[in-house]
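Participant: start-v5.txt is the file, holding compact mmCIF, C-alpha atoms:
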# COMPACT_ATOMS: atom_id res chain seq x y z
CA SER R 1 -61.12 -47.25 -28.69
CA LEU R 2 -60.39 -46.25 -25.10
CA ALA R 3 -56.65 -46.73 -25.63
CA HIS R 4 -56.69 -44.43 -28.66
CA ASP R 5 -58.72 -41.82 -26.77
CA HIS R 6 -56.17 -41.82 -23.94
CA TYR R 7 -53.35 -41.61 -26.49
CA GLN R 8 -54.88 -38.66 -28.34
CA ALA R 9 -55.58 -36.85 -25.07
CA GLY R 10 -51.96 -37.26 -23.96
CA ARG R 11 -52.76 -39.68 -21.14
CA LEU R 12 -49.83 -41.87 -22.16
CA PRO R 13 -49.45 -44.18 -19.13
CA GLU R 14 -53.17 -45.04 -19.27
CA ALA R 15 -52.98 -45.68 -23.02
CA ALA R 16 -49.82 -47.77 -22.62
CA ALA R 17 -51.46 -50.00 -20.02
CA ILE R 18 -54.36 -50.76 -22.36
CA TYR R 19 -52.13 -51.37 -25.37
CA GLU R 20 -50.04 -53.74 -23.29
CA ARG R 21 -53.16 -55.76 -22.45
CA ILE R 22 -54.20 -55.80 -26.12
CA LEU R 23 -50.78 -57.07 -27.18
CA LYS R 24 -50.87 -59.91 -24.68
CA VAL R 25 -53.92 -61.24 -26.52
CA ASP R 26 -52.90 -60.16 -30.03
CA PRO R 27 -49.09 -59.68 -30.12
CA ASP R 28 -49.02 -58.81 -33.83
CA ASN R 29 -51.67 -56.08 -33.71
CA ILE R 30 -49.94 -53.46 -35.86
CA PRO R 31 -51.92 -50.35 -34.71
CA ALA R 32 -51.44 -51.31 -31.06
CA LEU R 33 -47.73 -51.99 -31.57
CA GLY R 34 -47.27 -48.71 -33.42
CA ASN R 35 -48.99 -46.61 -30.79
CA PHE R 36 -47.33 -48.50 -27.92
CA GLY R 37 -43.93 -47.84 -29.50
CA SER R 38 -44.82 -44.20 -30.10
CA ILE R 39 -45.72 -43.82 -26.44
CA ALA R 40 -42.33 -45.23 -25.40
CA LEU R 41 -40.69 -42.72 -27.75
CA LYS R 42 -42.66 -39.80 -26.28
CA LEU R 43 -41.72 -40.99 -22.77
CA LYS R 44 -38.02 -40.88 -23.73
CA GLN R 45 -37.59 -44.67 -23.68
CA PRO R 46 -35.87 -45.12 -27.07
CA GLU R 47 -34.56 -48.65 -26.48
CA THR R 48 -38.05 -49.88 -25.63
CA ALA R 49 -39.53 -47.91 -28.53
CA ALA R 50 -37.03 -49.37 -31.01
CA ALA R 51 -37.76 -52.92 -29.89
CA ILE R 52 -41.53 -52.47 -30.20
CA ILE R 53 -41.53 -50.57 -33.49
CA SER R 54 -39.07 -53.01 -35.07
CA ARG R 55 -41.85 -55.58 -34.84
CA VAL R 56 -44.19 -53.29 -36.80
CA VAL R 57 -41.58 -53.01 -39.55
CA GLU R 58 -41.13 -56.80 -39.59
CA LEU R 59 -44.87 -57.27 -40.03
CA ASP R 60 -45.31 -54.53 -42.66
CA LEU R 61 -42.33 -53.07 -44.51
CA ARG R 62 -44.42 -50.25 -45.99
CA GLN R 63 -45.23 -48.33 -42.81
CA PRO R 64 -43.76 -44.82 -43.16
CA VAL R 65 -44.75 -43.66 -39.67
CA ALA R 66 -43.24 -46.77 -38.08
CA ARG R 67 -40.06 -46.34 -40.14
CA ASN R 68 -39.82 -42.71 -39.05
CA ASN R 69 -40.41 -43.52 -35.38
CA LEU R 70 -37.91 -46.36 -35.47
CA GLY R 71 -35.36 -44.03 -37.06
CA GLU R 72 -36.03 -41.43 -34.38
CA ALA R 73 -35.56 -44.00 -31.61
CA LEU R 74 -32.33 -45.31 -33.15
CA HIS R 75 -31.04 -41.75 -33.48
CA MET R 76 -31.66 -41.23 -29.77
CA VAL R 77 -29.53 -44.27 -28.86
CA GLY R 78 -26.70 -43.31 -31.23
CA GLU R 79 -27.39 -45.82 -34.01
CA GLN R 80 -27.04 -43.17 -36.69
CA LYS R 81 -26.54 -45.35 -39.78
CA LYS R 82 -29.51 -47.55 -38.94
CA ALA R 83 -31.55 -44.45 -38.11
CA LEU R 84 -30.82 -42.90 -41.50
CA SER R 85 -31.71 -46.13 -43.31
CA HIS R 86 -35.19 -46.25 -41.75
CA LEU R 87 -35.77 -42.51 -42.09
CA ARG R 88 -34.84 -42.58 -45.78
CA THR R 89 -37.27 -45.45 -46.30
CA ALA R 90 -39.99 -43.41 -44.57
CA ARG R 91 -39.25 -40.52 -46.93
CA GLU R 92 -39.33 -42.83 -49.97
CA LEU R 93 -42.68 -44.26 -48.88
CA ARG R 94 -44.07 -40.75 -48.29
CA PRO R 95 -41.97 -38.07 -50.05
CA ASP R 96 -43.87 -35.21 -48.36
CA PHE R 97 -43.36 -36.65 -44.85
CA ALA R 98 -42.16 -33.53 -43.05
CA ARG R 99 -41.23 -35.30 -39.82
CA ALA R 100 -39.03 -37.79 -41.67
CA HIS R 101 -37.19 -34.92 -43.40
CA TYR R 102 -36.75 -33.19 -40.04
CA ASN R 103 -35.37 -36.33 -38.41
CA ILE R 104 -33.01 -36.96 -41.35
CA ALA R 105 -31.75 -33.41 -40.93
CA ALA R 106 -31.30 -33.91 -37.18
CA VAL R 107 -29.17 -37.02 -37.74
CA HIS R 108 -27.02 -35.23 -40.32
CA MET R 109 -26.66 -32.30 -37.94
CA ASP R 110 -25.41 -34.58 -35.17
CA LEU R 111 -22.98 -36.16 -37.64
CA GLY R 112 -21.60 -32.74 -38.55
CA ARG R 113 -22.99 -32.80 -42.11
CA GLY R 114 -24.19 -29.23 -42.40
CA GLU R 115 -25.20 -29.17 -46.07
CA GLU R 116 -27.31 -32.33 -45.82
CA ALA R 117 -28.92 -31.06 -42.62
CA LEU R 118 -29.79 -27.73 -44.26
CA LYS R 119 -31.36 -29.50 -47.24
CA HIS R 120 -33.68 -31.62 -45.13
CA PHE R 121 -34.60 -28.92 -42.61
CA ARG R 122 -35.72 -26.83 -45.60
CA LEU R 123 -37.69 -29.77 -46.99
CA ALA R 124 -39.33 -30.26 -43.60
CA ILE R 125 -40.46 -26.61 -43.66
CA GLU R 126 -41.61 -26.92 -47.28
CA HIS R 127 -43.79 -29.90 -46.39
CA GLY R 128 -45.39 -28.20 -43.38
CA GLY R 129 -43.25 -29.50 -40.52
CA ASP R 130 -42.07 -27.79 -37.33
CA GLY R 131 -40.94 -24.59 -39.00
CA VAL R 132 -39.80 -22.81 -35.84
CA GLN R 133 -37.36 -25.48 -34.68
CA ALA R 134 -36.19 -26.21 -38.23
CA ARG R 135 -35.45 -22.50 -38.81
CA LEU R 136 -33.59 -22.25 -35.49
CA ASN R 137 -31.42 -25.21 -36.51
CA ILE R 138 -30.81 -23.71 -39.96
CA ALA R 139 -29.66 -20.50 -38.26
CA ARG R 140 -27.33 -22.44 -35.95
CA ILE R 141 -25.73 -24.19 -38.90
CA LEU R 142 -25.35 -20.98 -40.93
CA VAL R 143 -23.59 -19.15 -38.08
CA GLY R 144 -21.22 -22.05 -37.49
CA GLU R 145 -22.81 -23.57 -34.40
CA LEU R 146 -22.83 -27.06 -35.85
CA PRO R 147 -22.45 -29.49 -32.93
CA PRO R 148 -19.81 -32.23 -32.95
CA PRO R 149 -20.82 -35.71 -34.11
CA VAL R 150 -22.56 -37.83 -31.48
CA THR R 151 -20.80 -40.97 -32.72
CA LEU R 152 -17.46 -41.48 -34.44
CA GLU R 153 -16.76 -44.66 -36.40
CA ILE R 154 -13.14 -45.79 -36.63
CA ASP R 155 -11.76 -48.54 -38.85
CA PRO R 156 -8.53 -49.52 -37.06
CA THR R 157 -7.66 -52.44 -39.33
CA ASN R 158 -8.71 -54.28 -42.44
CA ALA R 159 -6.96 -57.46 -41.33
CA CYS R 160 -9.22 -60.42 -40.72
CA ASN R 161 -8.84 -63.97 -39.42
CA HIS R 162 -11.89 -65.19 -41.35
CA ASP R 163 -12.42 -66.02 -45.01
CA CYS R 164 -16.11 -65.37 -45.59
CA VAL R 165 -17.16 -65.99 -49.19
CA TRP R 166 -19.55 -63.00 -49.19
CA CYS R 167 -17.04 -60.48 -47.85
CA VAL R 168 -17.06 -57.27 -49.90
CA ASP R 169 -13.59 -56.25 -48.62
CA SER R 170 -11.67 -59.43 -49.43
CA LYS R 171 -10.27 -58.19 -52.77
CA HIS R 172 -9.06 -54.93 -51.28
CA ARG R 173 -7.55 -56.80 -48.34
CA LYS R 174 -5.44 -58.95 -50.67
CA LEU R 175 -3.98 -55.81 -52.26
CA HIS R 176 -3.37 -53.89 -49.07
CA MET R 177 -3.79 -55.16 -45.52
CA GLY R 178 -2.66 -53.29 -42.46
CA HIS R 179 -3.42 -51.56 -39.17
CA MET R 180 -3.95 -47.92 -38.28
CA ASP R 181 -0.92 -46.56 -36.44
CA LYS R 182 -1.49 -46.73 -32.68
CA GLU R 183 -0.49 -43.09 -32.08
CA VAL R 184 -2.89 -41.94 -34.82
CA LEU R 185 -5.75 -43.92 -33.27
CA PHE R 186 -5.14 -42.57 -29.77
CA SER R 187 -4.81 -39.01 -31.13
CA VAL R 188 -8.13 -39.30 -33.01
CA ILE R 189 -9.85 -40.61 -29.86
CA ALA R 190 -8.41 -37.78 -27.75
CA GLN R 191 -9.50 -35.14 -30.30
CA ALA R 192 -12.97 -36.66 -30.51
CA ALA R 193 -13.33 -36.55 -26.73
CA ALA R 194 -12.20 -32.92 -26.66
CA LEU R 195 -14.81 -32.01 -29.29
CA GLY R 196 -17.59 -33.63 -27.25
CA VAL R 197 -18.15 -36.84 -29.23
CA LYS R 198 -20.30 -39.12 -27.07
CA SER R 199 -19.36 -42.56 -28.38
CA ILE R 200 -16.90 -44.33 -30.64
CA VAL R 201 -17.74 -47.39 -32.75
CA ILE R 202 -14.79 -49.62 -33.62
CA LYS R 203 -15.56 -51.31 -36.92
CA GLY R 204 -14.21 -51.53 -40.43
CA GLY R 205 -13.34 -53.76 -43.36
CA GLY R 206 -11.70 -56.36 -41.16
CA GLU R 207 -12.06 -58.00 -37.76
CA PRO R 208 -11.52 -55.22 -35.17
CA LEU R 209 -10.43 -57.67 -32.47
CA VAL R 210 -7.29 -58.61 -34.42
CA TYR R 211 -6.09 -55.01 -34.00
CA PRO R 212 -3.20 -55.34 -31.53
CA TRP R 213 -4.06 -52.32 -29.36
CA ILE R 214 -7.69 -53.02 -28.53
I need this file expressed as structure tokens, please.

Facilitator:
Amino acid sequence: SLAHDHYQAGRLPEAAAIYERILKVDPDNIPALGNFGSIALKLKQPETAAAIISRVVELDLRQPVARNNLGEALHMVGEQKKALSHLRTARELRPDFARAHYNIAAVHMDLGRGEEALKHFRLAIEHGGDGVQARLNIARILVGELPPPVTLEIDPTNACNHDCVWCVDSKHRKLHMGHMDKEVLFSVIAQAAALGVKSIVIKGGGEPLVYPWI
């Protein structure tokens, strides 16, 4: 198709315009959605890419390329746990998927998990991926240039003002319920900022908004 020809030739705006017209007529066209989302990813529009590719995954759970691209988009917006979930599914669907291994490694690298990053960069090389960049990243890790995490998750409390029947933390809460010390929390945040952490997610085994110092 003309859209695919533009896409393969790198004429991304022209391809995107055609895919957009296709999707107005056929909004659940999986190839068009996948390529439209991939274009958004290549154009550094990860939020748009994630929204489009999520629809591909909803329509067909067994799409390794869509899972990988969704994981890559989520990684770019700092949703590391969700990114890893989709990337691992891509790898399970296609164990030799070099790009999925590379992206898994990249997420682990951003989270400061050097050993996991090394493992998957090596798997990416083994399966024929971008060997140059993977080897550069392996070298950075081995000489101690591991970057700080992009995102830090903090559980400030396990207290909760709800009583949900499906809660996996309810038993633990009955045995021990409490808040993180305020000074500890502020110290962790200050250290994270000094290290270059880009964002902090306040979450945990309770309701974060019952924490007195938020």

Participant: Could you work out how far atom CA of Ala105 of chain R lies from atom CA of His120 of chain R, giving the answer in Å with one decimal?

Facilitator: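 Computing the Euclidean distance for atom CA of His120 of chain R and atom CA of Ala105 of chain R yields 5.0 Å.
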
Participant: Counting only C-alpha atoms, what is within 12 Å of Gly114 of chain R, bar same-chain residues fewer than 2 positions away, as a PyMOL selection string?

Facilitator: chain R and resi 104-112+116-121+137-149

Participant: Restricting the calculation to all atoms listed in the file, which member of R:Ala90, R:Leu2, R:Val165, R:Ala50 is positioned closest to Arg67 of chain R?

Facilitator: R:Ala90

Participant: Got a sec: who's within 9 Å of segment 30-45 of chain R, counting all atoms listed in the file, leaving out chain neighbours fewer than 5 positions off, as number ranges by chain?

Facilitator: R: 3-4, 7, 12-13, 15-16, 19-20, 22-23, 50-53, 55-56, 59-60, 65-66, 69-70, 72-73, 76

Participant: With C-alpha atoms kept, could you save the residues just selected as a compact mmCIF listing (two decimals), in the coordinates of the input?

Facilitator:
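File produced: result31.txt:
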# COMPACT_ATOMS: atom_id res chain seq x y z
CA ALA R 3 -56.65 -46.73 -25.63
CA HIS R 4 -56.69 -44.43 -28.66
CA TYR R 7 -53.35 -41.61 -26.49
CA LEU R 12 -49.83 -41.87 -22.16
CA PRO R 13 -49.45 -44.18 -19.13
CA ALA R 15 -52.98 -45.68 -23.02
CA ALA R 16 -49.82 -47.77 -22.62
CA TYR R 19 -52.13 -51.37 -25.37
CA GLU R 20 -50.04 -53.74 -23.29
CA ILE R 22 -54.20 -55.80 -26.12
CA LEU R 23 -50.78 -57.07 -27.18
CA ALA R 50 -37.03 -49.37 -31.01
CA ALA R 51 -37.76 -52.92 -29.89
CA ILE R 52 -41.53 -52.47 -30.20
CA ILE R 53 -41.53 -50.57 -33.49
CA ARG R 55 -41.85 -55.58 -34.84
CA VAL R 56 -44.19 -53.29 -36.80
CA LEU R 59 -44.87 -57.27 -40.03
CA ASP R 60 -45.31 -54.53 -42.66
CA VAL R 65 -44.75 -43.66 -39.67
CA ALA R 66 -43.24 -46.77 -38.08
CA ASN R 69 -40.41 -43.52 -35.38
CA LEU R 70 -37.91 -46.36 -35.47
CA GLU R 72 -36.03 -41.43 -34.38
CA ALA R 73 -35.56 -44.00 -31.61
CA MET R 76 -31.66 -41.23 -29.77

Participant: Give me, as an MDAnalysis selection string, all polymer residues having an atom no more than 10 Å from Ile202 of chain R, counting all atoms listed in the file and skipping those fewer than 2 positions away in the same chain.

Facilitator: chainID R and resid 152:157 199:200 204 207:209 214

Participant: If you take every atom of segment 125-133 of chain R that the file lists and fit an axis-aligned box around them with 5 Å extra on each side, what centre and edge lengths come out in Å to one decimal, as JSON?

Facilitator:
{"center_x": -41.4, "center_y": -26.4, "center_z": -41.0, "size_x": 18.0, "size_y": 17.1, "size_z": 22.6}

Participant: Mind checking which residues fall within 8 Å of Ala124 of chain R, counting only C-alpha atoms, ignoring those fewer than 2 positions away in the same chain, and posting them as JSON, numbers by chain?

Facilitator: {"R": [97, 98, 99, 100, 101, 102, 120, 121, 122, 126, 127, 128, 129, 130, 131, 134]}
